[in-house]
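Chemist: So that we are looking at the same thing, I have put the structure below in structure tokens.
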Amino acid sequence: MPASSNFQQAIREAQSSALVGPNVVNKALPYVGGGMVLTAAGVTGGLALMASNPPLFMPIFWVALIGNFILFFVAQNAAMKGNNATALPILTLYSLLTGFTLSGIVAMAIGTAGIGSIGTAALATGITFVAASVVGRRMSDSIGQALSGVVGLGIIGLLIAMVVQIVGGIFAPATFHGTGLELLIAGFGTVIFVGAAFVDFYTMPRTYSDDQYLAGALGMYLTYINLFIFILRLIIALQGGGRRD
């Protein structure tokens, strides 16, 4: 989950009410929206490949996943330097590949809870964005910094829980891949990234200059992608999709 390092950096830098980039949020939002559209296109491509040539999907998935991690760090480095001409095409490809890597969980959600589950997750993510854009911009320093600290600790706890789930699943799959633990992790992750959505609007103008709008867009994009993923995981778990017979 690359969002964690980017988010922790934002928390550390958001130490005062001084605005580093008063216009960075407005400049970043169109690129967040564009990234979401590209991600949806990547998901569509992945689903189409799964339907037309299933044996080919997994090899391409692993290549896309590894490439995605590399592209993330390259794009983040360029965006933090304000080198937006270099960062933009990398982020475009990154968004497409992210969508492709998400096609597996999207297919699982459709198979478990129907196509409506995707609409539900997308709607919940959109509602969170609207609420966060209104409330997050108006948070006081005391509330913003406190919420930032709670969310940051929550992300660390979430990462630990996911590692435990993966490692434990190797030795005791019936316990660590069961619906109960998955429901707990999915619910906790959803709550944490809802909080992160609000924190983003507080930290961005205090972290990034106006020229670093693509770096801010990348951080916000990752927040909403992770929120969407955990809502899907929650829906799947509620439908018993995490159960292992």
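Identifiers in this document derive from the order of the structure tokens: chains are assigned A, B, ..., residues are numbered from 1 separately in each chain, and ligands are numbered from 1 in order of occurrence.
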Extract, using only C-alpha atoms, all DNA, RNA and protein residues at most 6 Å from stretch 192-202 of chain A, discarding same-chain residues fewer than 4 positions from it, and format them as a list in words.
Modeler: Ala132, Gly136, Arg137, Ser148, Val151 and Leu227 of chain A
Chemist: Based on the selection just made, write N, CA and C atoms of those residues as an mmCIF file, in the first residue's frame.
Modeler:
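Everything below was put into again.cif:
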```
data_model
loop_
_atom_site.group_PDB
_atom_site.id
_atom_site.type_symbol
_atom_site.label_atom_id
_atom_site.label_comp_id
_atom_site.auth_asym_id
_atom_site.auth_seq_id
_atom_site.Cartn_x
_atom_site.Cartn_y
_atom_site.Cartn_z
ATOM 1 N N ALA A 132 -15.928 15.371 2.602
ATOM 2 C CA ALA A 132 -14.564 15.729 2.992
ATOM 3 C C ALA A 132 -14.150 17.069 2.407
ATOM 4 N N GLY A 136 -13.277 19.108 5.424
ATOM 5 C CA GLY A 136 -11.827 19.082 5.544
ATOM 6 C C GLY A 136 -11.175 20.431 5.354
ATOM 7 N N ARG A 137 -11.700 21.245 4.470
ATOM 8 C CA ARG A 137 -11.129 22.574 4.222
ATOM 9 C C ARG A 137 -11.321 23.502 5.413
ATOM 10 N N SER A 148 -5.189 13.798 11.928
ATOM 11 C CA SER A 148 -4.049 13.307 11.154
ATOM 12 C C SER A 148 -3.264 12.259 11.924
ATOM 13 N N VAL A 151 -5.374 8.974 12.183
ATOM 14 C CA VAL A 151 -5.408 8.261 10.902
ATOM 15 C C VAL A 151 -4.044 7.648 10.595
ATOM 16 N N LEU A 227 -9.943 3.660 -0.308
ATOM 17 C CA LEU A 227 -11.289 3.674 0.265
ATOM 18 C C LEU A 227 -12.223 2.796 -0.557
#
```
Chemist: Contacts of A:Lys27 at 10 Å or less, counting only C-alpha atoms, minus same-chain residues fewer than 4 places along, as a PDB file with C-alpha atoms, in the first residue's frame?
Modeler:
```pdb
ATOM      1  CA  GLY A  21       0.017  26.030  -1.342  1.00  0.00           C
ATOM      2  CA  PRO A  22      -3.314  27.848  -0.924  1.00  0.00           C
ATOM      3  CA  ASN A  23      -4.452  26.835  -4.426  1.00  0.00           C
ATOM      4  CA  TYR A  31      -6.123  15.283 -12.005  1.00  0.00           C
ATOM      5  CA  VAL A  32      -7.650  13.207  -9.213  1.00  0.00           C
ATOM      6  CA  ASP A 210       0.972  25.203  -5.748  1.00  0.00           C
ATOM      7  CA  ASP A 211       3.541  23.821  -8.215  1.00  0.00           C
ATOM      8  CA  GLN A 212       3.378  20.407  -6.523  1.00  0.00           C
ATOM      9  CA  TYR A 213      -0.272  19.872  -7.404  1.00  0.00           C
ATOM     10  CA  LEU A 214       0.419  16.501  -9.031  1.00  0.00           C
ATOM     11  CA  GLY A 216      -1.026  16.321  -3.930  1.00  0.00           C
ATOM     12  CA  ALA A 217      -3.262  14.720  -6.549  1.00  0.00           C
TER      13      ALA A 217
END
```
Chemist: Counting only C-alpha atoms, which residue out of A:Met36, A:Ile155, A:Phe129, A:Arg138 sits closest to A:Pro205?
Modeler: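 Among the listed residues, A:Arg138 lies closest to A:Pro205.
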Chemist: Can you work out which one of A:Leu56, A:Leu19, A:Leu238, A:Leu93 has the shortest atom-to-atom distance to A:Gly180, counting only C-alpha atoms?
Modeler: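 When distances to A:Gly180 are compared using only C-alpha atoms, the smallest one comes from A:Leu238.
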Chemist: Applying 9 Å and only C-alpha atoms, which residues near A:Leu65 remain after dropping the ones on its own chain fewer than 5 positions away? List them as a list in words.
Modeler: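 That gives Ile60, Ile70, Leu97, Thr98, Phe100 and Thr101 of chain A.
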Chemist: Measuring atom to atom with only C-alpha atoms, identify which of A:Thr120, A:Asn226, A:Thr207, A:Ser140 is nearest to A:Leu158.
Modeler: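 Nearest to A:Leu158: A:Asn226.
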Chemist: Measuring atom to atom with only C-alpha atoms, identify which of A:Gly99, A:Gly82, A:Pro89, A:Gly67 is nearest to A:Thr44.
Modeler: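 The shortest atom-to-atom distance to A:Thr44 comes from A:Gly99.
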